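Trainee: Below are the C-alpha cells for one structure; questions will follow.
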Amino acid sequence: MGNKRGLLGIAGLERADIEALLRRAKDFQQPPGETASRRLNTLAGKMIVNLFFEASTRTRVSFEIAAKRLGADAVSISAQGSSVQKGESLVDTLNTLAAMRPNAIVMRHAASGAPHFLARYLPIPIINAGDGAHEHPTQALLDARTILDNRPALDGLRVAIIGDIAHSRVARSNIHLLSKFGVDIVLCGPPQLLPRELADLAPGVRLTYDMREAIRGADVIMMLRVQLERQHEAPFPAGEYFQFYGLRLEHIALAKPEVLVMHPGPINRGRELSSEVADSQRSVILNQVENGVAVRMAVLEWIIGD
Ligand code: NCD
C-alpha cells in the first residue's frame with residue numbers, strides 16, 4: 001500500500017484514509033513497559049531526509065525513530081548549519097537533496113505552502129511536518145490516535161481547542177480531521193488570536209472568547225502554545241494571558257468527568273496551562289508524544305512502503 005504523492009495536509013485526505021492510518025498506527029504502538037528495541041524490515045533499504053527550517057524536538061526525532069524502527073535510514077538536516085544559511089535558494093537546496101535520492105522528504109518550514117511548492121518541483125513524496133500557520137497533518141493524526149485510545153469513536157465528541165488559533169497549524173489540521181468525523185468543535189481564544197473566518201473552515205465549528213463556555217461539557221480540551229514567532233503584534237503579557245486563557249484545575253470540573261487534556265508541546269507552564277493540570281491524571285500530553293512515533297510509522301509505511 002503506498003501513496004506516492006506524500007502527505008501535505010489533512011484537508012485532502014478521505015475519512016477512510018485517516019481511519020486506515022489510525023488503525024495501522026495502533027499496530028505500531030509499543031506495549032506498556034517495553035523499551036524501544038523492536039525493529040522491523042518493512043522499509044529496509046529506504047531513506048528519508050528530514051529537512052527542518054524551524055525548530056522542532058518531538059516531530060523531527062519521532063520521524064527519525066519511526067523510520068529507523070521500520071528499518072529505513074533517516075538523515076536530518078536543519079536550516080541552521082546547512083547551506084541554506086549561506087544563501088542557497090529553496091529550489092537549489094531541494095535539488096541537492098533530491099540528488100541524494102531519498103524515498104521521501106519530511107519538511108518543516110515557516111512559510112505556509114512551502115511543502116506544496118516543493119512537491120510540484122520534485123518527483124519525491126513530501127511529508128509536511130508543519131508549514132507556517134497552515135497544516136501539521138501528522139500532529140492531527142497522533143492527536144486522533146490519542147483520543148481513540150481513550151474513547152470508542154470520534155463521532156459525536158465535543159472538542160474544545162483553546163489558545164492561539166490564528167497562528168496554529170495544529171488547530172487547522174485538527175479542525176479538518178475532526179470535522180470529517182462529525183465532531184462538535186469549539187474554538188476559543190482572545191479575539192486577536194481567533195479570526196471569525198475560522199468558523200468557515202469546516203462544518204461543526206463554533207467560536208467563543210469565553211473559556212468556561214468552551215470547556216463546558218467538553219470530552220477533550222486541546223491547549224495550544226502562543227506562537228510568538230508568528231505574531232507581529234505586541235504579545236500578551238504572560239500573566240494576563242494565563243488569567244483569561246490558561247487552563248487550571250477549576251476549569252476541569254466544567255468538562256465531562258473523564259475529559260482528556262491535550263497539548264502538542266512544547267508546553268509553557270503558567271502560560272497555557274498550570275503545572276497541576278499538565279501533570280494531572282487527565283493529561284495525555286505524553287501519550288501524544290508516544291503516539292507520534294506510531295503514527296509516523298504508519299504514515300511512512302503508507303507513503304514509501306512497497
Ligand atoms: C507544534 C508545531 O510545531 O506546530 N509542535 C509540535 O509539532 N509538537 C506546536 C507548537 O509549536 O506550538
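We name chains A, B, ... following the order of the C-alpha cells; residues begin at 1 in each chain, and ligands are numbered from 1 as shown.
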Enumerate, as a PyMOL selection string, the complete set of residues in range 9-180 of chain A that a backbone-based DSSP assignment places in helix (DSSP H, G or I).

Mentor: chain A and resi 15-28+58-69+90-99+114-121+137-148+169-179

Trainee: Against range 65-73 of chain A, which residues of range 92-123 of chain A fall within 12 Å? For each one I want the closest pair of atoms and the distance in Å (one decimal), counting only C-alpha atoms, rows by chain and increasing residue number, as CSV.

Mentor:
residue,atom,partner,partner_atom,distance
A:Pro102,CA,A:Asp73,CA,9.4
A:Asn103,CA,A:Ala72,CA,9.7
A:Ala104,CA,A:Ala67,CA,10.7
A:Ile105,CA,A:Ala67,CA,11.7
A:Val106,CA,A:Ala67,CA,11.0

Trainee: Work out how far apart CA of Pro266 in chain A and CA of Arg24 in chain A are and give it in Å to one decimal.

Mentor: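 Distance reported for this atom pair: 26.3 Å.
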
Trainee: Counting only C-alpha atoms and all ligand atoms, name the residues that have an atom within 9 Å of an atom of ligand 1; the answer should be given as an mmCIF file with all heavy atoms, in the first residue's frame.

Mentor:
data_model
loop_
_atom_site.group_PDB
_atom_site.id
_atom_site.type_symbol
_atom_site.label_atom_id
_atom_site.label_comp_id
_atom_site.auth_asym_id
_atom_site.auth_seq_id
_atom_site.Cartn_x
_atom_site.Cartn_y
_atom_site.Cartn_z
ATOM 1 N N GLU A 54 12.572 25.078 10.750
ATOM 2 C CA GLU A 54 12.088 25.660 12.007
ATOM 3 C C GLU A 54 12.432 24.704 13.120
ATOM 4 O O GLU A 54 12.568 23.501 12.890
ATOM 5 C CB GLU A 54 10.556 25.789 11.985
ATOM 6 C CG GLU A 54 10.023 27.041 11.396
ATOM 7 C CD GLU A 54 8.544 27.242 11.770
ATOM 8 O OE1 GLU A 54 7.886 26.312 12.239
ATOM 9 O OE2 GLU A 54 8.079 28.371 11.588
ATOM 10 N N ALA A 55 12.479 25.251 14.344
ATOM 11 C CA ALA A 55 12.823 24.430 15.496
ATOM 12 C C ALA A 55 11.841 23.271 15.657
ATOM 13 O O ALA A 55 10.668 23.394 15.324
ATOM 14 C CB ALA A 55 12.807 25.287 16.752
ATOM 15 N N SER A 56 12.340 22.156 16.138
ATOM 16 C CA SER A 56 11.491 21.003 16.416
ATOM 17 C C SER A 56 12.254 20.050 17.307
ATOM 18 O O SER A 56 13.456 19.868 17.136
ATOM 19 C CB SER A 56 11.136 20.287 15.111
ATOM 20 O OG SER A 56 10.526 19.052 15.389
ATOM 21 N N THR A 57 11.573 19.456 18.255
ATOM 22 C CA THR A 57 12.186 18.364 19.018
ATOM 23 C C THR A 57 11.385 17.114 18.718
ATOM 24 O O THR A 57 11.853 16.193 18.044
ATOM 25 C CB THR A 57 12.145 18.660 20.534
ATOM 26 O OG1 THR A 57 12.634 19.979 20.729
ATOM 27 C CG2 THR A 57 13.006 17.670 21.293
ATOM 28 N N ARG A 58 10.129 17.122 19.207
ATOM 29 C CA ARG A 58 9.260 15.957 19.088
ATOM 30 C C ARG A 58 9.114 15.462 17.655
ATOM 31 O O ARG A 58 9.304 14.286 17.364
ATOM 32 C CB ARG A 58 7.836 16.309 19.558
ATOM 33 C CG ARG A 58 7.612 16.204 21.012
ATOM 34 C CD ARG A 58 6.516 17.191 21.386
ATOM 35 N NE ARG A 58 7.104 18.510 21.368
ATOM 36 C CZ ARG A 58 7.588 19.093 22.440
ATOM 37 N NH1 ARG A 58 7.466 18.528 23.596
ATOM 38 N NH2 ARG A 58 8.192 20.257 22.370
ATOM 39 N N THR A 59 8.744 16.356 16.752
ATOM 40 C CA THR A 59 8.377 15.930 15.404
ATOM 41 C C THR A 59 9.589 15.341 14.673
ATOM 42 O O THR A 59 9.523 14.244 14.112
ATOM 43 C CB THR A 59 7.783 17.114 14.619
ATOM 44 O OG1 THR A 59 6.713 17.671 15.383
ATOM 45 C CG2 THR A 59 7.252 16.676 13.268
ATOM 46 N N ARG A 60 10.714 16.062 14.720
ATOM 47 C CA ARG A 60 11.891 15.584 13.993
ATOM 48 C C ARG A 60 12.382 14.248 14.560
ATOM 49 O O ARG A 60 12.609 13.288 13.826
ATOM 50 C CB ARG A 60 13.005 16.630 14.053
ATOM 51 C CG ARG A 60 14.199 16.280 13.180
ATOM 52 C CD ARG A 60 15.260 17.373 13.219
ATOM 53 N NE ARG A 60 15.677 17.740 14.563
ATOM 54 C CZ ARG A 60 16.455 16.991 15.350
ATOM 55 N NH1 ARG A 60 16.920 15.835 14.911
ATOM 56 N NH2 ARG A 60 16.783 17.387 16.564
ATOM 57 N N ARG A 108 9.662 20.793 7.371
ATOM 58 C CA ARG A 108 9.007 21.825 8.190
ATOM 59 C C ARG A 108 9.534 23.183 7.738
ATOM 60 O O ARG A 108 10.739 23.359 7.576
ATOM 61 C CB ARG A 108 9.319 21.609 9.665
ATOM 62 C CG ARG A 108 8.900 22.793 10.516
ATOM 63 C CD ARG A 108 8.961 22.502 11.984
ATOM 64 N NE ARG A 108 7.890 21.610 12.384
ATOM 65 C CZ ARG A 108 7.601 21.319 13.656
ATOM 66 N NH1 ARG A 108 8.329 21.846 14.625
ATOM 67 N NH2 ARG A 108 6.612 20.517 13.947
ATOM 68 N N ALA A 129 5.691 18.441 7.742
ATOM 69 C CA ALA A 129 5.860 18.347 9.202
ATOM 70 C C ALA A 129 5.540 19.694 9.851
ATOM 71 O O ALA A 129 6.014 19.983 10.958
ATOM 72 C CB ALA A 129 7.288 17.914 9.534
ATOM 73 N N GLY A 130 4.736 20.495 9.156
ATOM 74 C CA GLY A 130 4.350 21.809 9.685
ATOM 75 C C GLY A 130 4.772 22.900 8.729
ATOM 76 O O GLY A 130 5.966 23.098 8.523
ATOM 77 N N ASP A 131 3.796 23.578 8.100
ATOM 78 C CA ASP A 131 4.127 24.702 7.213
ATOM 79 C C ASP A 131 3.423 25.965 7.717
ATOM 80 O O ASP A 131 2.211 26.106 7.599
ATOM 81 C CB ASP A 131 3.799 24.393 5.743
ATOM 82 C CG ASP A 131 2.321 24.164 5.441
ATOM 83 O OD1 ASP A 131 1.626 23.562 6.296
ATOM 84 O OD2 ASP A 131 1.863 24.593 4.363
ATOM 85 N N GLY A 132 4.190 26.857 8.294
ATOM 86 C CA GLY A 132 3.650 28.114 8.799
ATOM 87 C C GLY A 132 2.451 27.871 9.684
ATOM 88 O O GLY A 132 2.472 26.997 10.559
ATOM 89 N N ALA A 133 1.399 28.652 9.432
ATOM 90 C CA ALA A 133 0.170 28.502 10.225
ATOM 91 C C ALA A 133 -0.839 27.619 9.496
ATOM 92 O O ALA A 133 -2.013 27.624 9.820
ATOM 93 C CB ALA A 133 -0.435 29.876 10.493
ATOM 94 N N GLU A 135 -0.794 23.758 7.975
ATOM 95 C CA GLU A 135 -1.162 22.386 8.379
ATOM 96 C C GLU A 135 -0.001 21.667 9.053
ATOM 97 O O GLU A 135 1.182 21.996 8.851
ATOM 98 C CB GLU A 135 -1.624 21.569 7.159
ATOM 99 C CG GLU A 135 -3.095 21.804 6.776
ATOM 100 C CD GLU A 135 -3.905 20.495 6.699
ATOM 101 O OE1 GLU A 135 -3.702 19.597 7.553
ATOM 102 O OE2 GLU A 135 -4.734 20.386 5.780
ATOM 103 N N HIS A 136 -0.347 20.689 9.841
ATOM 104 C CA HIS A 136 0.629 19.818 10.514
ATOM 105 C C HIS A 136 -0.066 18.457 10.614
ATOM 106 O O HIS A 136 -0.530 18.038 11.661
ATOM 107 C CB HIS A 136 0.927 20.400 11.900
ATOM 108 C CG HIS A 136 2.061 19.759 12.630
ATOM 109 N ND1 HIS A 136 2.719 18.639 12.188
ATOM 110 C CD2 HIS A 136 2.664 20.099 13.805
ATOM 111 C CE1 HIS A 136 3.670 18.327 13.060
ATOM 112 N NE2 HIS A 136 3.654 19.194 14.048
ATOM 113 N N THR A 138 0.573 15.184 10.566
ATOM 114 C CA THR A 138 0.872 14.052 11.456
ATOM 115 C C THR A 138 0.514 14.378 12.910
ATOM 116 O O THR A 138 0.208 13.480 13.690
ATOM 117 C CB THR A 138 2.342 13.572 11.354
ATOM 118 O OG1 THR A 138 3.227 14.675 11.597
ATOM 119 C CG2 THR A 138 2.624 12.982 9.987
ATOM 120 N N GLN A 139 0.514 15.672 13.263
ATOM 121 C CA GLN A 139 0.095 16.047 14.621
ATOM 122 C C GLN A 139 -1.390 15.741 14.802
ATOM 123 O O GLN A 139 -1.802 15.174 15.821
ATOM 124 C CB GLN A 139 0.369 17.529 14.884
ATOM 125 C CG GLN A 139 -0.040 17.998 16.275
ATOM 126 C CD GLN A 139 0.839 17.454 17.391
ATOM 127 O OE1 GLN A 139 2.052 17.415 17.255
ATOM 128 N NE2 GLN A 139 0.238 17.028 18.488
ATOM 129 N N SER A 168 -2.026 28.780 14.423
ATOM 130 C CA SER A 168 -1.782 27.368 14.716
ATOM 131 C C SER A 168 -2.098 26.414 13.581
ATOM 132 O O SER A 168 -3.247 26.191 13.214
ATOM 133 C CB SER A 168 -2.582 26.954 15.953
ATOM 134 O OG SER A 168 -2.382 25.575 16.186
ATOM 135 N N ARG A 169 -1.054 25.788 13.063
ATOM 136 C CA ARG A 169 -1.239 24.726 12.065
ATOM 137 C C ARG A 169 -1.814 23.474 12.731
ATOM 138 O O ARG A 169 -2.494 22.682 12.088
ATOM 139 C CB ARG A 169 0.100 24.405 11.409
ATOM 140 C CG ARG A 169 1.235 24.120 12.405
ATOM 141 C CD ARG A 169 2.565 24.303 11.728
ATOM 142 N NE ARG A 169 3.691 24.080 12.620
ATOM 143 C CZ ARG A 169 4.909 24.580 12.387
ATOM 144 N NH1 ARG A 169 5.128 25.346 11.336
ATOM 145 N NH2 ARG A 169 5.901 24.319 13.201
ATOM 146 N N VAL A 170 -1.536 23.310 14.027
ATOM 147 C CA VAL A 170 -2.093 22.163 14.745
ATOM 148 C C VAL A 170 -3.618 22.294 14.787
ATOM 149 O O VAL A 170 -4.351 21.337 14.544
ATOM 150 C CB VAL A 170 -1.507 22.092 16.180
ATOM 151 C CG1 VAL A 170 -2.182 20.983 16.982
ATOM 152 C CG2 VAL A 170 0.005 21.881 16.139
ATOM 153 N N ALA A 171 -4.097 23.513 15.076
ATOM 154 C CA ALA A 171 -5.549 23.727 15.114
ATOM 155 C C ALA A 171 -6.158 23.446 13.745
ATOM 156 O O ALA A 171 -7.160 22.728 13.636
ATOM 157 C CB ALA A 171 -5.868 25.155 15.549
ATOM 158 N N LEU A 224 -3.231 25.158 23.098
ATOM 159 C CA LEU A 224 -2.214 25.483 22.091
ATOM 160 C C LEU A 224 -1.226 26.487 22.635
ATOM 161 O O LEU A 224 -1.590 27.359 23.431
ATOM 162 C CB LEU A 224 -2.876 26.087 20.852
ATOM 163 C CG LEU A 224 -3.870 25.205 20.115
ATOM 164 C CD1 LEU A 224 -4.564 26.025 19.033
ATOM 165 C CD2 LEU A 224 -3.164 23.997 19.501
ATOM 166 N N ARG A 225 -0.006 26.393 22.175
ATOM 167 C CA ARG A 225 1.024 27.354 22.560
ATOM 168 C C ARG A 225 0.762 28.689 21.865
ATOM 169 O O ARG A 225 0.279 28.721 20.724
ATOM 170 C CB ARG A 225 2.399 26.821 22.134
ATOM 171 C CG ARG A 225 3.583 27.611 22.595
ATOM 172 C CD ARG A 225 4.864 26.865 22.229
ATOM 173 N NE ARG A 225 5.014 26.721 20.780
ATOM 174 C CZ ARG A 225 5.562 27.634 19.986
ATOM 175 N NH1 ARG A 225 6.024 28.761 20.477
ATOM 176 N NH2 ARG A 225 5.666 27.410 18.691
ATOM 177 N N VAL A 226 1.098 29.773 22.551
ATOM 178 C CA VAL A 226 1.045 31.088 21.908
ATOM 179 C C VAL A 226 2.271 31.168 20.994
ATOM 180 O O VAL A 226 3.400 31.064 21.444
ATOM 181 C CB VAL A 226 1.052 32.221 22.958
ATOM 182 C CG1 VAL A 226 0.984 33.568 22.273
ATOM 183 C CG2 VAL A 226 -0.118 32.054 23.923
ATOM 184 N N GLN A 227 2.012 31.290 19.692
ATOM 185 C CA GLN A 227 3.094 31.200 18.698
ATOM 186 C C GLN A 227 3.772 32.562 18.527
ATOM 187 O O GLN A 227 3.544 33.249 17.527
ATOM 188 C CB GLN A 227 2.520 30.725 17.359
ATOM 189 C CG GLN A 227 1.671 29.453 17.455
ATOM 190 C CD GLN A 227 2.446 28.205 17.111
ATOM 191 O OE1 GLN A 227 3.095 28.147 16.081
ATOM 192 N NE2 GLN A 227 2.399 27.220 17.989
ATOM 193 N N HIS A 263 -2.079 18.729 24.544
ATOM 194 C CA HIS A 263 -1.253 19.874 24.131
ATOM 195 C C HIS A 263 -0.185 19.304 23.208
ATOM 196 O O HIS A 263 0.429 18.296 23.535
ATOM 197 C CB HIS A 263 -0.621 20.521 25.380
ATOM 198 C CG HIS A 263 0.023 21.857 25.112
ATOM 199 N ND1 HIS A 263 1.015 22.037 24.169
ATOM 200 C CD2 HIS A 263 -0.180 23.075 25.669
ATOM 201 C CE1 HIS A 263 1.380 23.314 24.153
ATOM 202 N NE2 HIS A 263 0.669 23.969 25.045
ATOM 203 N N PRO A 264 0.035 19.931 22.035
ATOM 204 C CA PRO A 264 1.016 19.343 21.106
ATOM 205 C C PRO A 264 2.460 19.488 21.600
ATOM 206 O O PRO A 264 3.349 18.808 21.090
ATOM 207 C CB PRO A 264 0.813 20.149 19.822
ATOM 208 C CG PRO A 264 0.240 21.462 20.275
ATOM 209 C CD PRO A 264 -0.595 21.140 21.494
ATOM 210 N N GLY A 265 2.689 20.373 22.566
ATOM 211 C CA GLY A 265 4.045 20.672 23.027
ATOM 212 C C GLY A 265 4.730 21.561 22.011
ATOM 213 O O GLY A 265 4.328 21.596 20.855
ATOM 214 N N PRO A 266 5.728 22.296 22.403
ATOM 215 C CA PRO A 266 6.233 22.403 23.773
ATOM 216 C C PRO A 266 5.280 23.204 24.664
ATOM 217 O O PRO A 266 4.724 24.200 24.206
ATOM 218 C CB PRO A 266 7.569 23.144 23.593
ATOM 219 C CG PRO A 266 7.432 23.892 22.298
ATOM 220 C CD PRO A 266 6.483 23.118 21.450
ATOM 221 N N ILE A 267 5.090 22.733 25.908
ATOM 222 C CA ILE A 267 4.163 23.433 26.801
ATOM 223 C C ILE A 267 4.897 24.534 27.571
ATOM 224 O O ILE A 267 6.093 24.435 27.832
ATOM 225 C CB ILE A 267 3.466 22.480 27.805
ATOM 226 C CG1 ILE A 267 4.447 21.829 28.781
ATOM 227 C CG2 ILE A 267 2.673 21.412 27.091
ATOM 228 C CD1 ILE A 267 3.770 21.055 29.911
ATOM 229 N N VAL A 289 2.944 12.361 22.663
ATOM 230 C CA VAL A 289 4.333 12.252 22.180
ATOM 231 C C VAL A 289 4.622 10.811 21.777
ATOM 232 O O VAL A 289 5.179 10.541 20.709
ATOM 233 C CB VAL A 289 5.332 12.708 23.275
ATOM 234 C CG1 VAL A 289 6.763 12.529 22.786
ATOM 235 C CG2 VAL A 289 5.067 14.156 23.681
ATOM 236 N N GLY A 292 3.182 9.806 18.580
ATOM 237 C CA GLY A 292 3.844 10.452 17.440
ATOM 238 C C GLY A 292 4.676 9.449 16.658
ATOM 239 O O GLY A 292 4.693 9.459 15.426
#

Trainee: Tell me, as a ChimeraX atom specification, which residues lie within 12 Å of Gln192 in chain A, counting only C-alpha atoms; anything in the same chain fewer than 5 positions away does not count.

Mentor: /A:163-167,209,226,231-236

Trainee: Please determine, counting only C-alpha atoms, which residue among A:Ala25, A:Leu142, A:Ala111, A:Val299 has the shortest atom-to-atom distance to Val284 in chain A.

Mentor: A:Leu142

Trainee: Can you work out which one of A:His176, A:Val220, A:Ala110, A:Ala294 has the shortest atom-to-atom distance to Asn150 in chain A, counting only C-alpha atoms?

Mentor: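 Distance minimum relative to Asn150 in chain A lands on A:Val220.
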
Trainee: Between CA of Gln29 in chain A and CA of Ser275 in chain A, what is the distance, to one decimal in Å?

Mentor: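 We find that CA of Gln29 in chain A and CA of Ser275 in chain A lie 27.3 Å from each other.
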
Trainee: Enter the distance from CA of Asp279 in chain A to CA of Val293 in chain A, in Å, rounded to one decimal.

Mentor: 21.6 Å

Trainee: When distances are computed from only C-alpha atoms, which of A:Leu187, A:Ala114, A:Ile221, A:Ala144 shows the smallest separation from Ile10 in chain A?

Mentor: A:Ala144

Trainee: Between A:Leu254, A:Asp155, A:Arg230, A:Glu34, which is the closest to Ser112 in chain A once you count only C-alpha atoms?

Mentor: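 Looking only at the distances to Ser112 in chain A, the closest residue turns out to be A:Arg230.
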
Trainee: So, counting only C-alpha atoms, which residue among A:Gln288, A:Pro123, A:Met107, A:Phe28 is closest to Leu40 in chain A?

Mentor: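 Among the listed residues, the smallest separation from Leu40 in chain A belongs to A:Phe28.
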
Trainee: So which bits of range 51-284 of chain A end up strand (DSSP E) when you DSSP the backbone, as an mmCIF file with N, CA and C atoms, in the first residue's frame?

Mentor:
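Saved the output as selection-v3.cif:
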data_model
loop_
_atom_site.group_PDB
_atom_site.id
_atom_site.type_symbol
_atom_site.label_atom_id
_atom_site.label_comp_id
_atom_site.auth_asym_id
_atom_site.auth_seq_id
_atom_site.Cartn_x
_atom_site.Cartn_y
_atom_site.Cartn_z
ATOM 1 N N LEU A 51 14.032 17.608 6.656
ATOM 2 C CA LEU A 51 14.547 18.942 6.342
ATOM 3 C C LEU A 51 13.771 19.963 7.164
ATOM 4 N N PHE A 52 14.387 20.458 8.197
ATOM 5 C CA PHE A 52 13.671 21.320 9.147
ATOM 6 C C PHE A 52 14.215 22.737 9.128
ATOM 7 N N ASP A 73 16.735 4.276 6.692
ATOM 8 C CA ASP A 73 17.722 5.251 7.169
ATOM 9 C C ASP A 73 17.067 6.613 7.216
ATOM 10 N N ALA A 74 17.494 7.427 8.184
ATOM 11 C CA ALA A 74 16.951 8.790 8.288
ATOM 12 C C ALA A 74 18.102 9.756 8.463
ATOM 13 N N VAL A 75 18.098 10.781 7.649
ATOM 14 C CA VAL A 75 19.118 11.822 7.726
ATOM 15 C C VAL A 75 18.396 13.113 8.083
ATOM 16 N N SER A 76 18.903 13.842 9.067
ATOM 17 C CA SER A 76 18.232 15.089 9.439
ATOM 18 C C SER A 76 19.098 16.289 9.105
ATOM 19 N N ILE A 77 18.483 17.261 8.479
ATOM 20 C CA ILE A 77 19.197 18.489 8.127
ATOM 21 C C ILE A 77 18.415 19.654 8.712
ATOM 22 N N SER A 78 19.071 20.495 9.484
ATOM 23 C CA SER A 78 18.349 21.675 9.968
ATOM 24 C C SER A 78 18.886 22.890 9.230
ATOM 25 N N ALA A 104 11.642 9.769 0.505
ATOM 26 C CA ALA A 104 10.678 10.804 0.895
ATOM 27 C C ALA A 104 11.431 11.923 1.602
ATOM 28 N N ILE A 105 10.873 13.125 1.542
ATOM 29 C CA ILE A 105 11.429 14.253 2.291
ATOM 30 C C ILE A 105 10.379 14.712 3.287
ATOM 31 N N VAL A 106 10.780 14.807 4.549
ATOM 32 C CA VAL A 106 9.905 15.320 5.597
ATOM 33 C C VAL A 106 10.314 16.762 5.818
ATOM 34 N N MET A 107 9.379 17.678 5.688
ATOM 35 C CA MET A 107 9.773 19.082 5.683
ATOM 36 C C MET A 107 8.961 19.947 6.635
ATOM 37 N N ARG A 108 9.662 20.793 7.371
ATOM 38 C CA ARG A 108 9.007 21.825 8.190
ATOM 39 C C ARG A 108 9.534 23.183 7.738
ATOM 40 N N HIS A 109 8.610 24.124 7.545
ATOM 41 C CA HIS A 109 9.019 25.440 7.043
ATOM 42 C C HIS A 109 8.097 26.510 7.598
ATOM 43 N N ILE A 126 6.563 14.207 -0.531
ATOM 44 C CA ILE A 126 6.883 15.168 0.521
ATOM 45 C C ILE A 126 5.895 14.970 1.664
ATOM 46 N N ILE A 127 6.422 14.923 2.873
ATOM 47 C CA ILE A 127 5.567 14.837 4.064
ATOM 48 C C ILE A 127 5.684 16.159 4.796
ATOM 49 N N ASN A 128 4.552 16.807 4.977
ATOM 50 C CA ASN A 128 4.533 18.114 5.639
ATOM 51 C C ASN A 128 4.617 17.924 7.156
ATOM 52 N N ALA A 129 5.691 18.441 7.742
ATOM 53 C CA ALA A 129 5.860 18.347 9.202
ATOM 54 C C ALA A 129 5.540 19.694 9.851
ATOM 55 N N GLY A 130 4.736 20.495 9.156
ATOM 56 C CA GLY A 130 4.350 21.809 9.685
ATOM 57 C C GLY A 130 4.772 22.900 8.729
ATOM 58 N N ASP A 131 3.796 23.578 8.100
ATOM 59 C CA ASP A 131 4.127 24.702 7.213
ATOM 60 C C ASP A 131 3.423 25.965 7.717
ATOM 61 N N ARG A 158 -17.237 16.191 21.766
ATOM 62 C CA ARG A 158 -17.137 17.643 21.789
ATOM 63 C C ARG A 158 -15.697 18.020 22.151
ATOM 64 N N VAL A 159 -15.025 18.741 21.251
ATOM 65 C CA VAL A 159 -13.613 19.074 21.435
ATOM 66 C C VAL A 159 -13.451 20.590 21.496
ATOM 67 N N ALA A 160 -12.834 21.071 22.578
ATOM 68 C CA ALA A 160 -12.528 22.499 22.697
ATOM 69 C C ALA A 160 -11.061 22.711 22.345
ATOM 70 N N ILE A 161 -10.790 23.613 21.415
ATOM 71 C CA ILE A 161 -9.401 23.943 21.050
ATOM 72 C C ILE A 161 -9.169 25.375 21.526
ATOM 73 N N ILE A 162 -8.195 25.555 22.405
ATOM 74 C CA ILE A 162 -8.070 26.829 23.103
ATOM 75 C C ILE A 162 -6.664 27.412 22.972
ATOM 76 N N ASP A 184 -18.101 17.939 17.305
ATOM 77 C CA ASP A 184 -18.559 19.287 17.629
ATOM 78 C C ASP A 184 -17.319 20.055 18.117
ATOM 79 N N ILE A 185 -16.858 21.035 17.340
ATOM 80 C CA ILE A 185 -15.584 21.708 17.626
ATOM 81 C C ILE A 185 -15.850 23.132 18.119
ATOM 82 N N VAL A 186 -15.285 23.474 19.264
ATOM 83 C CA VAL A 186 -15.405 24.837 19.782
ATOM 84 C C VAL A 186 -14.004 25.442 19.819
ATOM 85 N N LEU A 187 -13.817 26.549 19.120
ATOM 86 C CA LEU A 187 -12.525 27.234 19.127
ATOM 87 C C LEU A 187 -12.613 28.397 20.100
ATOM 88 N N CYS A 188 -11.574 28.588 20.901
ATOM 89 C CA CYS A 188 -11.622 29.637 21.911
ATOM 90 C C CYS A 188 -10.257 30.305 22.053
ATOM 91 N N VAL A 205 -17.990 23.859 13.365
ATOM 92 C CA VAL A 205 -17.040 24.684 14.122
ATOM 93 C C VAL A 205 -17.743 25.905 14.706
ATOM 94 N N ARG A 206 -17.578 26.111 16.021
ATOM 95 C CA ARG A 206 -18.117 27.302 16.679
ATOM 96 C C ARG A 206 -16.988 28.073 17.328
ATOM 97 N N LEU A 207 -17.200 29.363 17.528
ATOM 98 C CA LEU A 207 -16.168 30.216 18.139
ATOM 99 C C LEU A 207 -16.693 30.824 19.432
ATOM 100 N N THR A 208 -15.831 30.950 20.424
ATOM 101 C CA THR A 208 -16.193 31.716 21.615
ATOM 102 C C THR A 208 -14.927 32.336 22.204
ATOM 103 N N VAL A 220 -12.838 16.608 25.237
ATOM 104 C CA VAL A 220 -11.406 16.804 25.009
ATOM 105 C C VAL A 220 -11.118 18.299 25.046
ATOM 106 N N ILE A 221 -10.032 18.672 25.726
ATOM 107 C CA ILE A 221 -9.570 20.066 25.696
ATOM 108 C C ILE A 221 -8.174 20.057 25.085
ATOM 109 N N MET A 222 -8.025 20.718 23.955
ATOM 110 C CA MET A 222 -6.693 20.836 23.326
ATOM 111 C C MET A 222 -6.180 22.236 23.575
ATOM 112 N N MET A 223 -5.088 22.345 24.289
ATOM 113 C CA MET A 223 -4.488 23.649 24.532
ATOM 114 C C MET A 223 -3.396 23.895 23.491
ATOM 115 N N LEU A 260 -10.180 14.625 28.474
ATOM 116 C CA LEU A 260 -8.758 14.463 28.135
ATOM 117 C C LEU A 260 -8.160 15.842 27.919
ATOM 118 N N VAL A 261 -7.038 16.115 28.569
ATOM 119 C CA VAL A 261 -6.336 17.380 28.354
ATOM 120 C C VAL A 261 -5.144 17.105 27.444
ATOM 121 N N MET A 262 -5.109 17.823 26.313
ATOM 122 C CA MET A 262 -4.051 17.596 25.327
ATOM 123 C C MET A 262 -3.287 18.887 25.048
#

Trainee: Calculated over only C-alpha atoms, which of the candidates A:Leu178, A:Ile285, A:Leu13, A:Leu90 has the smallest distance to Leu201 in chain A?

Mentor: A:Leu178
